[in-house]
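Student: Data: query.json, JSON, C-alpha atoms.
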```json
[["chain", "number", "residue", "atom", "x", "y", "z"],
["Q", 1179, "MET", "CA", 162.32, 109.16, 93.24],
["Q", 1180, "GLU", "CA", 159.52, 106.65, 92.66],
["Q", 1181, "LYS", "CA", 156.31, 107.69, 94.36],
["Q", 1182, "ALA", "CA", 155.37, 105.31, 97.15],
["Q", 1183, "VAL", "CA", 152.01, 103.57, 96.81],
["Q", 1184, "ARG", "CA", 149.65, 103.39, 99.77],
["Q", 1185, "LEU", "CA", 149.25, 99.85, 101.09],
["Q", 1186, "ASN", "CA", 145.77, 98.39, 101.47],
["Q", 1187, "GLU", "CA", 144.37, 96.92, 104.69],
["Q", 1188, "ASP", "CA", 145.22, 93.33, 103.82],
["Q", 1189, "GLN", "CA", 148.79, 94.24, 103.01],
["Q", 1190, "ILE", "CA", 149.11, 96.17, 106.28],
["Q", 1191, "ASP", "CA", 147.66, 93.24, 108.25],
["Q", 1192, "ASP", "CA", 150.22, 90.91, 106.69],
["Q", 1193, "ILE", "CA", 153.06, 93.29, 107.48],
["Q", 1194, "LEU", "CA", 151.96, 93.81, 111.10],
["Q", 1195, "GLY", "CA", 152.25, 90.05, 111.50],
["Q", 1196, "THR", "CA", 155.98, 90.42, 110.94],
["Q", 1197, "LEU", "CA", 156.47, 93.79, 112.71],
["Q", 1198, "THR", "CA", 155.85, 92.55, 116.22],
["Q", 1199, "HIS", "CA", 156.80, 95.81, 117.98],
["Q", 1200, "TRP", "CA", 154.36, 97.87, 115.91],
["Q", 1201, "ARG", "CA", 150.62, 98.35, 115.88],
["Q", 1202, "LEU", "CA", 148.22, 100.43, 113.86],
["Q", 1203, "LYS", "CA", 147.16, 103.66, 115.60],
["Q", 1204, "ASP", "CA", 145.24, 106.47, 113.89],
["Q", 1205, "GLY", "CA", 146.22, 105.10, 110.51],
["Q", 1206, "LYS", "CA", 149.93, 105.09, 111.30],
["Q", 1207, "LEU", "CA", 152.49, 102.48, 112.29],
["Q", 1208, "HIS", "CA", 153.02, 103.09, 116.00],
["Q", 1209, "ARG", "CA", 155.74, 102.00, 118.42],
["Q", 1210, "GLU", "CA", 156.67, 103.13, 121.92],
["Q", 1211, "LEU", "CA", 160.13, 102.55, 123.35],
["Q", 1212, "ARG", "CA", 161.53, 102.98, 126.83],
["Q", 1213, "PHE", "CA", 165.21, 103.46, 127.58],
["Q", 1214, "ALA", "CA", 167.33, 103.71, 130.70],
["Q", 1215, "ASP", "CA", 167.39, 107.52, 130.67],
["Q", 1216, "PHE", "CA", 167.31, 110.59, 128.42],
["Q", 1217, "SER", "CA", 170.84, 110.07, 127.16],
["Q", 1218, "GLU", "CA", 170.03, 106.57, 125.93],
["Q", 1219, "ALA", "CA", 166.74, 107.72, 124.41],
["Q", 1220, "PHE", "CA", 168.31, 110.61, 122.53],
["Q", 1221, "ALA", "CA", 171.23, 108.48, 121.36],
["Q", 1222, "PHE", "CA", 168.67, 106.13, 119.82],
["Q", 1223, "MET", "CA", 166.83, 109.08, 118.24],
["Q", 1224, "THR", "CA", 170.06, 110.35, 116.74],
["Q", 1225, "ARG", "CA", 170.74, 107.02, 115.06],
["Q", 1226, "VAL", "CA", 167.18, 106.92, 113.73],
["Q", 1227, "ALA", "CA", 167.51, 110.52, 112.49],
["Q", 1228, "LEU", "CA", 170.58, 109.61, 110.43],
["Q", 1229, "VAL", "CA", 168.83, 106.60, 108.87],
["Q", 1230, "ALA", "CA", 165.69, 108.63, 108.20],
["Q", 1231, "GLU", "CA", 167.70, 111.34, 106.50],
["Q", 1232, "ARG", "CA", 169.50, 108.80, 104.33],
["Q", 1233, "MET", "CA", 166.14, 107.21, 103.40],
["Q", 1234, "ASP", "CA", 164.64, 110.66, 102.86],
["Q", 1235, "HIS", "CA", 161.68, 109.46, 104.92],
["Q", 1236, "HIS", "CA", 161.13, 110.84, 108.40],
["Q", 1237, "PRO", "CA", 159.17, 109.82, 111.49],
["Q", 1238, "ASP", "CA", 156.60, 111.76, 113.47],
["Q", 1239, "TRP", "CA", 157.90, 111.22, 116.96],
["Q", 1240, "SER", "CA", 157.95, 112.50, 120.49],
["Q", 1241, "ASN", "CA", 160.21, 112.13, 123.49],
["Q", 1242, "GLY", "CA", 159.83, 112.69, 127.21],
["Q", 1243, "TYR", "CA", 162.90, 111.75, 129.26],
["Q", 1244, "SER", "CA", 163.42, 108.02, 128.67],
["Q", 1245, "LYS", "CA", 160.37, 107.42, 126.45],
["Q", 1246, "VAL", "CA", 160.22, 107.67, 122.66],
["Q", 1247, "THR", "CA", 156.96, 107.37, 120.72],
["Q", 1248, "ILE", "CA", 157.09, 106.92, 116.94],
["Q", 1249, "ASP", "CA", 154.37, 107.18, 114.30],
["Q", 1250, "LEU", "CA", 155.06, 106.36, 110.68],
["Q", 1251, "MET", "CA", 153.01, 107.25, 107.63],
["Q", 1252, "THR", "CA", 153.71, 108.65, 104.18],
["Q", 1253, "HIS", "CA", 152.09, 112.08, 104.09],
["Q", 1254, "ASP", "CA", 152.36, 112.32, 100.27],
["Q", 1255, "ALA", "CA", 150.46, 109.06, 99.85],
["Q", 1256, "GLY", "CA", 147.93, 109.71, 102.63],
["Q", 1257, "GLY", "CA", 148.66, 106.39, 104.30],
["Q", 1258, "ILE", "CA", 151.19, 103.68, 105.06],
["Q", 1259, "THR", "CA", 153.60, 102.71, 102.28],
["Q", 1260, "ARG", "CA", 156.65, 100.49, 101.80],
["Q", 1261, "LYS", "CA", 158.77, 103.44, 102.93],
["Q", 1262, "ASP", "CA", 157.16, 103.25, 106.38],
["Q", 1263, "VAL", "CA", 157.69, 99.52, 106.60],
["Q", 1264, "ASP", "CA", 161.35, 99.92, 105.62],
["Q", 1265, "LEU", "CA", 161.84, 102.67, 108.20],
["Q", 1266, "ALA", "CA", 160.07, 100.58, 110.88],
["Q", 1267, "ARG", "CA", 162.45, 97.68, 110.20],
["Q", 1268, "ALA", "CA", 165.45, 100.01, 110.33],
["Q", 1269, "ILE", "CA", 164.23, 101.40, 113.65],
["Q", 1270, "ASP", "CA", 163.81, 97.87, 115.02],
["Q", 1271, "ARG", "CA", 167.39, 97.05, 114.03],
["Q", 1272, "ILE", "CA", 168.67, 100.16, 115.84],
["Q", 1273, "ALA", "CA", 166.54, 99.48, 118.93],
["Q", 1274, "GLY", "CA", 167.68, 95.85, 118.96],
["Q", 1275, "SER", "CA", 171.35, 96.69, 118.66],
["Q", 1276, "GLY", "CA", 171.21, 99.07, 121.61],
["Q", 1277, "GLY", "CA", 169.81, 96.40, 123.85],
["Q", 1278, "SER", "CA", 168.00, 98.83, 126.13],
["Q", 1279, "ALA", "CA", 164.76, 99.36, 124.23],
["Q", 1280, "ALA", "CA", 161.62, 97.93, 125.84],
["W", 796, "MET", "CA", 170.11, 119.13, 144.03],
["W", 797, "GLU", "CA", 167.72, 121.73, 145.42],
["W", 798, "LYS", "CA", 164.10, 120.84, 144.75],
["W", 799, "ALA", "CA", 162.47, 123.31, 142.36],
["W", 800, "VAL", "CA", 159.43, 125.17, 143.68],
["W", 801, "ARG", "CA", 156.32, 125.46, 141.55],
["W", 802, "LEU", "CA", 155.67, 129.02, 140.39],
["W", 803, "ASN", "CA", 152.29, 130.61, 141.03],
["W", 804, "GLU", "CA", 150.04, 132.14, 138.36],
["W", 805, "ASP", "CA", 151.25, 135.70, 138.93],
["W", 806, "GLN", "CA", 154.87, 134.65, 138.65],
["W", 807, "ILE", "CA", 154.14, 132.73, 135.45],
["W", 808, "ASP", "CA", 152.27, 135.71, 133.98],
["W", 809, "ASP", "CA", 155.26, 137.95, 134.72],
["W", 810, "ILE", "CA", 157.67, 135.48, 133.12],
["W", 811, "LEU", "CA", 155.51, 135.02, 130.01],
["W", 812, "GLY", "CA", 155.82, 138.76, 129.50],
["W", 813, "THR", "CA", 159.53, 138.25, 128.94],
["W", 814, "LEU", "CA", 159.37, 134.90, 127.13],
["W", 815, "THR", "CA", 157.77, 136.17, 123.94],
["W", 816, "HIS", "CA", 158.07, 132.89, 122.00],
["W", 817, "TRP", "CA", 156.28, 130.91, 124.70],
["W", 818, "ARG", "CA", 152.70, 130.58, 125.83],
["W", 819, "LEU", "CA", 150.91, 128.55, 128.47],
["W", 820, "LYS", "CA", 149.28, 125.37, 127.15],
["W", 821, "ASP", "CA", 147.84, 122.62, 129.35],
["W", 822, "GLY", "CA", 149.83, 123.95, 132.30],
["W", 823, "LYS", "CA", 153.14, 123.83, 130.45],
["W", 824, "LEU", "CA", 155.39, 126.35, 128.74],
["W", 825, "HIS", "CA", 154.79, 125.74, 125.05],
["W", 826, "ARG", "CA", 156.73, 126.75, 121.94],
["W", 827, "GLU", "CA", 156.53, 125.61, 118.32],
["W", 828, "LEU", "CA", 159.43, 126.09, 115.93],
["W", 829, "ARG", "CA", 159.73, 125.60, 112.20],
["W", 830, "PHE", "CA", 163.01, 125.00, 110.40],
["W", 831, "ALA", "CA", 164.11, 124.67, 106.78],
["W", 832, "ASP", "CA", 164.05, 120.87, 106.83],
["W", 833, "PHE", "CA", 164.52, 117.80, 109.01],
["W", 834, "SER", "CA", 168.28, 118.18, 109.18],
["W", 835, "GLU", "CA", 167.99, 121.71, 110.58],
["W", 836, "ALA", "CA", 165.25, 120.67, 113.00],
["W", 837, "PHE", "CA", 167.21, 117.73, 114.35],
["W", 838, "ALA", "CA", 170.42, 119.74, 114.60],
["W", 839, "PHE", "CA", 168.51, 122.16, 116.82],
["W", 840, "MET", "CA", 167.12, 119.28, 118.88],
["W", 841, "THR", "CA", 170.60, 117.89, 119.37],
["W", 842, "ARG", "CA", 171.85, 121.19, 120.75],
["W", 843, "VAL", "CA", 168.84, 121.40, 123.07],
["W", 844, "ALA", "CA", 169.41, 117.79, 124.19],
["W", 845, "LEU", "CA", 172.97, 118.59, 125.25],
["W", 846, "VAL", "CA", 171.85, 121.64, 127.23],
["W", 847, "ALA", "CA", 168.98, 119.71, 128.81],
["W", 848, "GLU", "CA", 171.31, 116.92, 129.86],
["W", 849, "ARG", "CA", 173.75, 119.40, 131.39],
["W", 850, "MET", "CA", 170.88, 121.10, 133.26],
["W", 851, "ASP", "CA", 169.48, 117.69, 134.24],
["W", 852, "HIS", "CA", 166.10, 118.98, 133.12],
["W", 853, "HIS", "CA", 164.48, 117.66, 129.96],
["W", 854, "PRO", "CA", 161.73, 118.77, 127.59],
["W", 855, "ASP", "CA", 158.64, 116.93, 126.46],
["W", 856, "TRP", "CA", 158.88, 117.45, 122.73],
["W", 857, "SER", "CA", 157.84, 116.19, 119.35],
["W", 858, "ASN", "CA", 159.13, 116.49, 115.82],
["W", 859, "GLY", "CA", 157.67, 115.96, 112.39],
["W", 860, "TYR", "CA", 160.02, 116.79, 109.52],
["W", 861, "SER", "CA", 160.83, 120.52, 109.90],
["W", 862, "LYS", "CA", 158.59, 121.21, 112.91],
["W", 863, "VAL", "CA", 159.55, 120.95, 116.59],
["W", 864, "THR", "CA", 157.02, 121.35, 119.41],
["W", 865, "ILE", "CA", 158.26, 121.78, 122.97],
["W", 866, "ASP", "CA", 156.42, 121.59, 126.31],
["W", 867, "LEU", "CA", 158.18, 122.37, 129.55],
["W", 868, "MET", "CA", 157.10, 121.53, 133.06],
["W", 869, "THR", "CA", 158.72, 120.07, 136.16],
["W", 870, "HIS", "CA", 157.07, 116.71, 136.74],
["W", 871, "ASP", "CA", 158.44, 116.43, 140.31],
["W", 872, "ALA", "CA", 156.87, 119.76, 141.25],
["W", 873, "GLY", "CA", 153.62, 119.22, 139.33],
["W", 874, "GLY", "CA", 153.94, 122.54, 137.53],
["W", 875, "ILE", "CA", 156.22, 125.17, 136.06],
["W", 876, "THR", "CA", 159.37, 126.03, 137.98],
["W", 877, "ARG", "CA", 162.51, 128.12, 137.53],
["W", 878, "LYS", "CA", 164.10, 125.11, 135.84],
["W", 879, "ASP", "CA", 161.56, 125.38, 133.02],
["W", 880, "VAL", "CA", 162.13, 129.09, 132.65],
["W", 881, "ASP", "CA", 165.90, 128.55, 132.53],
["W", 882, "LEU", "CA", 165.52, 125.80, 129.92],
["W", 883, "ALA", "CA", 163.11, 127.97, 127.86],
["W", 884, "ARG", "CA", 165.68, 130.78, 127.79],
["W", 885, "ALA", "CA", 168.44, 128.36, 126.80],
["W", 886, "ILE", "CA", 166.24, 127.02, 123.98],
["W", 887, "ASP", "CA", 165.56, 130.57, 122.79],
["W", 888, "ARG", "CA", 169.29, 131.26, 122.68],
["W", 889, "ILE", "CA", 169.89, 128.12, 120.59],
["W", 890, "ALA", "CA", 166.96, 128.89, 118.26],
["W", 891, "GLY", "CA", 168.18, 132.46, 117.88],
["W", 892, "SER", "CA", 171.75, 131.51, 117.09],
["W", 893, "GLY", "CA", 170.66, 129.13, 114.31],
["W", 894, "GLY", "CA", 168.75, 131.87, 112.56],
["W", 895, "SER", "CA", 166.27, 129.53, 110.91],
["W", 896, "ALA", "CA", 163.72, 129.07, 113.67],
["W", 897, "ALA", "CA", 160.32, 130.64, 113.03]]
```
Go through the file and emit its structure as structure tokens.
Tutor:
Amino acid sequence: MEKAVRLNEDQIDDILGTLTHWRLKDGKLHRELRFADFSEAFAFMTRVALVAERMDHHPDWSNGYSKVTIDLMTHDAGGITRKDVDLARAIDRIAGSGGSAA
Amino acid sequence: MEKAVRLNEDQIDDILGTLTHWRLKDGKLHRELRFADFSEAFAFMTRVALVAERMDHHPDWSNGYSKVTIDLMTHDAGGITRKDVDLARAIDRIAGSGGSAA
């Protein structure tokens, strides 16, 4: 697989303009989502897990009951790459299709 | 459902003597597990999610690739209760049956 190249600050700024649910936190793409309950939250996580596995690129994430917190970076590249942006967009599509993400 | 009663320090010390994979961290029961890869880690999480939902008691947890970190406390009670101990034991059974948890 092609090695992902770390994006520079200008590139990340441009991308954040289009990723409205995400912000930069500790050098990672960060999003927090709130669902109706644990079942809805974990159903969302399961869909994201399948996409992440298919992309061979995985989130750092946490869950407490109805809340899911996601941080994306490419550990190999030591920063944010196209892979993170692609995964962020995939996550947004899943969150949007469920209709319950805040 | 019966409201869970917060355990005192002596009770928690006694329980930690029998929960060898767990320690006390920031007032919660804490365990870290390492799996072969993301697929194994998330498969474990899925089994724990089903048990948690059935128990109506849910973990605070995080995952990054093959690592899963779990913190258990009863938010309603402001501390550790029997529910946390029961969930910890259920998690240990799931981790043990998979054979890949470290």
Student: Define the interface residues of chain W facing chain Q as those within 12 Å, counting all atoms listed in the file, and report them as a VMD selection string.
Tutor: chain W and resid 832 to 849 851 to 870
Student: Can those selected residues be exported to a file as a PDB file, in the frame of the given file so that it contains C-alpha atoms?
Tutor:
```pdb
ATOM      1  CA  ASP W 832     164.050 120.870 106.830  1.00  0.00           C
ATOM      2  CA  PHE W 833     164.520 117.800 109.010  1.00  0.00           C
ATOM      3  CA  SER W 834     168.280 118.180 109.180  1.00  0.00           C
ATOM      4  CA  GLU W 835     167.990 121.710 110.580  1.00  0.00           C
ATOM      5  CA  ALA W 836     165.250 120.670 113.000  1.00  0.00           C
ATOM      6  CA  PHE W 837     167.210 117.730 114.350  1.00  0.00           C
ATOM      7  CA  ALA W 838     170.420 119.740 114.600  1.00  0.00           C
ATOM      8  CA  PHE W 839     168.510 122.160 116.820  1.00  0.00           C
ATOM      9  CA  MET W 840     167.120 119.280 118.880  1.00  0.00           C
ATOM     10  CA  THR W 841     170.600 117.890 119.370  1.00  0.00           C
ATOM     11  CA  ARG W 842     171.850 121.190 120.750  1.00  0.00           C
ATOM     12  CA  VAL W 843     168.840 121.400 123.070  1.00  0.00           C
ATOM     13  CA  ALA W 844     169.410 117.790 124.190  1.00  0.00           C
ATOM     14  CA  LEU W 845     172.970 118.590 125.250  1.00  0.00           C
ATOM     15  CA  VAL W 846     171.850 121.640 127.230  1.00  0.00           C
ATOM     16  CA  ALA W 847     168.980 119.710 128.810  1.00  0.00           C
ATOM     17  CA  GLU W 848     171.310 116.920 129.860  1.00  0.00           C
ATOM     18  CA  ARG W 849     173.750 119.400 131.390  1.00  0.00           C
ATOM     19  CA  ASP W 851     169.480 117.690 134.240  1.00  0.00           C
ATOM     20  CA  HIS W 852     166.100 118.980 133.120  1.00  0.00           C
ATOM     21  CA  HIS W 853     164.480 117.660 129.960  1.00  0.00           C
ATOM     22  CA  PRO W 854     161.730 118.770 127.590  1.00  0.00           C
ATOM     23  CA  ASP W 855     158.640 116.930 126.460  1.00  0.00           C
ATOM     24  CA  TRP W 856     158.880 117.450 122.730  1.00  0.00           C
ATOM     25  CA  SER W 857     157.840 116.190 119.350  1.00  0.00           C
ATOM     26  CA  ASN W 858     159.130 116.490 115.820  1.00  0.00           C
ATOM     27  CA  GLY W 859     157.670 115.960 112.390  1.00  0.00           C
ATOM     28  CA  TYR W 860     160.020 116.790 109.520  1.00  0.00           C
ATOM     29  CA  SER W 861     160.830 120.520 109.900  1.00  0.00           C
ATOM     30  CA  LYS W 862     158.590 121.210 112.910  1.00  0.00           C
ATOM     31  CA  VAL W 863     159.550 120.950 116.590  1.00  0.00           C
ATOM     32  CA  THR W 864     157.020 121.350 119.410  1.00  0.00           C
ATOM     33  CA  ILE W 865     158.260 121.780 122.970  1.00  0.00           C
ATOM     34  CA  ASP W 866     156.420 121.590 126.310  1.00  0.00           C
ATOM     35  CA  LEU W 867     158.180 122.370 129.550  1.00  0.00           C
ATOM     36  CA  MET W 868     157.100 121.530 133.060  1.00  0.00           C
ATOM     37  CA  THR W 869     158.720 120.070 136.160  1.00  0.00           C
ATOM     38  CA  HIS W 870     157.070 116.710 136.740  1.00  0.00           C
TER      39      HIS W 870
END
```
Student: What is the distance between atom CA of Q:Val1183 and atom CA of Q:Ala1266, in Å to one decimal?
Tutor: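 Between atom CA of Q:Val1183 and atom CA of Q:Ala1266 the gap works out to 16.5 Å.
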Student: What's around Q:Ile1193 at 12 Å? Count all atoms listed in the file, leave out sequence neighbours fewer than 3 positions away in its own chain, and write the answer as an NGL selection string.
Tutor: :Q and (1185-1190 or 1196-1202 or 1207 or 1258-1260 or 1262-1264 or 1266-1267)
Student: May I ask for the distance between atom CA of Q:Asp1192 and atom CA of Q:Ala1268, given in Å to one decimal place?
Tutor: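 Going from atom CA of Q:Asp1192 over to atom CA of Q:Ala1268, I get 18.1 Å.
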Student: Name the closest residue to Q:Arg1184 among the candidates Q:Lys1261, Q:His1208, Q:Lys1203, Q:Arg1271; distances are taken between atoms, counting all atoms listed in the file.
Tutor: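 Among the listed residues, Q:Lys1261 lies closest to Q:Arg1184.
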Student: Mind pulling up the distance from atom CA of W:Asp808 to atom CA of W:Gly873?
Tutor: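 Between these atoms lies a distance of 17.4 Å.
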Student: Between W:Phe830, W:Ala872, W:Leu811, W:Met850, which residue has the minimum interatomic distance to W:Gly891, considering only C-alpha atoms?
Tutor: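 Among W:Phe830, W:Ala872, W:Leu811, W:Met850, it is W:Phe830 that comes nearest to W:Gly891.
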Student: Can you put all heavy atoms back into stretch 1220-1231 of chain Q and show it as a JSON list (two decimals), keeping the file's coordinate frame?
Tutor:
```
[["chain", "number", "residue", "atom", "x", "y", "z"],
["Q", 1220, "PHE", "N", 167.92, 109.67, 123.58],
["Q", 1220, "PHE", "CA", 168.31, 110.61, 122.53],
["Q", 1220, "PHE", "C", 169.41, 110.02, 121.64],
["Q", 1220, "PHE", "O", 169.47, 110.33, 120.44],
["Q", 1220, "PHE", "CB", 168.73, 111.97, 123.10],
["Q", 1220, "PHE", "CG", 168.66, 113.04, 122.05],
["Q", 1220, "PHE", "CD1", 167.43, 113.58, 121.70],
["Q", 1220, "PHE", "CD2", 169.79, 113.46, 121.38],
["Q", 1220, "PHE", "CE1", 167.34, 114.53, 120.69],
["Q", 1220, "PHE", "CE2", 169.70, 114.42, 120.38],
["Q", 1220, "PHE", "CZ", 168.48, 114.96, 120.03],
["Q", 1221, "ALA", "N", 170.24, 109.17, 122.19],
["Q", 1221, "ALA", "CA", 171.23, 108.48, 121.36],
["Q", 1221, "ALA", "C", 170.52, 107.61, 120.32],
["Q", 1221, "ALA", "O", 170.90, 107.60, 119.14],
["Q", 1221, "ALA", "CB", 172.13, 107.61, 122.25],
["Q", 1222, "PHE", "N", 169.49, 106.92, 120.75],
["Q", 1222, "PHE", "CA", 168.67, 106.13, 119.82],
["Q", 1222, "PHE", "C", 168.04, 107.04, 118.76],
["Q", 1222, "PHE", "O", 168.10, 106.75, 117.55],
["Q", 1222, "PHE", "CB", 167.58, 105.39, 120.61],
["Q", 1222, "PHE", "CG", 166.44, 104.90, 119.77],
["Q", 1222, "PHE", "CD1", 166.57, 103.73, 119.01],
["Q", 1222, "PHE", "CD2", 165.23, 105.58, 119.74],
["Q", 1222, "PHE", "CE1", 165.52, 103.28, 118.23],
["Q", 1222, "PHE", "CE2", 164.18, 105.13, 118.97],
["Q", 1222, "PHE", "CZ", 164.32, 103.97, 118.21],
["Q", 1223, "MET", "N", 167.47, 108.16, 119.19],
["Q", 1223, "MET", "CA", 166.83, 109.08, 118.24],
["Q", 1223, "MET", "C", 167.84, 109.60, 117.21],
["Q", 1223, "MET", "O", 167.52, 109.77, 116.04],
["Q", 1223, "MET", "CB", 166.18, 110.25, 118.98],
["Q", 1223, "MET", "CG", 164.96, 109.84, 119.80],
["Q", 1223, "MET", "SD", 164.21, 111.22, 120.74],
["Q", 1223, "MET", "CE", 163.43, 112.16, 119.42],
["Q", 1224, "THR", "N", 169.04, 109.84, 117.66],
["Q", 1224, "THR", "CA", 170.06, 110.35, 116.74],
["Q", 1224, "THR", "C", 170.39, 109.32, 115.67],
["Q", 1224, "THR", "O", 170.51, 109.66, 114.48],
["Q", 1224, "THR", "CB", 171.34, 110.74, 117.53],
["Q", 1224, "THR", "OG1", 170.98, 111.69, 118.52],
["Q", 1224, "THR", "CG2", 172.39, 111.35, 116.61],
["Q", 1225, "ARG", "N", 170.47, 108.07, 116.06],
["Q", 1225, "ARG", "CA", 170.74, 107.02, 115.06],
["Q", 1225, "ARG", "C", 169.56, 106.90, 114.09],
["Q", 1225, "ARG", "O", 169.77, 106.74, 112.88],
["Q", 1225, "ARG", "CB", 171.01, 105.68, 115.74],
["Q", 1225, "ARG", "CG", 172.32, 105.67, 116.53],
["Q", 1225, "ARG", "CD", 172.74, 104.25, 116.91],
["Q", 1225, "ARG", "NE", 173.04, 103.45, 115.74],
["Q", 1225, "ARG", "CZ", 173.12, 102.12, 115.75],
["Q", 1225, "ARG", "NH1", 172.93, 101.46, 116.88],
["Q", 1225, "ARG", "NH2", 173.40, 101.44, 114.65],
["Q", 1226, "VAL", "N", 168.36, 106.98, 114.61],
["Q", 1226, "VAL", "CA", 167.18, 106.92, 113.73],
["Q", 1226, "VAL", "C", 167.15, 108.13, 112.79],
["Q", 1226, "VAL", "O", 166.83, 108.00, 111.61],
["Q", 1226, "VAL", "CB", 165.88, 106.84, 114.56],
["Q", 1226, "VAL", "CG1", 164.65, 106.99, 113.66],
["Q", 1226, "VAL", "CG2", 165.82, 105.53, 115.34],
["Q", 1227, "ALA", "N", 167.52, 109.30, 113.31],
["Q", 1227, "ALA", "CA", 167.51, 110.52, 112.49],
["Q", 1227, "ALA", "C", 168.45, 110.37, 111.30],
["Q", 1227, "ALA", "O", 168.12, 110.78, 110.18],
["Q", 1227, "ALA", "CB", 167.92, 111.73, 113.34],
["Q", 1228, "LEU", "N", 169.61, 109.78, 111.53],
["Q", 1228, "LEU", "CA", 170.58, 109.61, 110.43],
["Q", 1228, "LEU", "C", 170.03, 108.65, 109.38],
["Q", 1228, "LEU", "O", 170.15, 108.91, 108.17],
["Q", 1228, "LEU", "CB", 171.92, 109.09, 110.98],
["Q", 1228, "LEU", "CG", 172.66, 110.03, 111.94],
["Q", 1228, "LEU", "CD1", 173.92, 109.37, 112.48],
["Q", 1228, "LEU", "CD2", 173.02, 111.34, 111.23],
["Q", 1229, "VAL", "N", 169.43, 107.56, 109.82],
["Q", 1229, "VAL", "CA", 168.83, 106.60, 108.87],
["Q", 1229, "VAL", "C", 167.67, 107.25, 108.11],
["Q", 1229, "VAL", "O", 167.55, 107.10, 106.90],
["Q", 1229, "VAL", "CB", 168.35, 105.34, 109.63],
["Q", 1229, "VAL", "CG1", 167.44, 104.49, 108.76],
["Q", 1229, "VAL", "CG2", 169.55, 104.52, 110.10],
["Q", 1230, "ALA", "N", 166.84, 107.98, 108.83],
["Q", 1230, "ALA", "CA", 165.69, 108.63, 108.20],
["Q", 1230, "ALA", "C", 166.14, 109.62, 107.14],
["Q", 1230, "ALA", "O", 165.56, 109.71, 106.05],
["Q", 1230, "ALA", "CB", 164.84, 109.34, 109.27],
["Q", 1231, "GLU", "N", 167.19, 110.36, 107.45],
["Q", 1231, "GLU", "CA", 167.70, 111.34, 106.50],
["Q", 1231, "GLU", "C", 168.25, 110.64, 105.26],
["Q", 1231, "GLU", "O", 168.02, 111.09, 104.13],
["Q", 1231, "GLU", "CB", 168.77, 112.20, 107.18],
["Q", 1231, "GLU", "CG", 169.23, 113.38, 106.38],
["Q", 1231, "GLU", "CD", 168.18, 114.48, 106.21],
["Q", 1231, "GLU", "OE1", 167.06, 114.37, 106.76],
["Q", 1231, "GLU", "OE2", 168.49, 115.45, 105.51]]
```
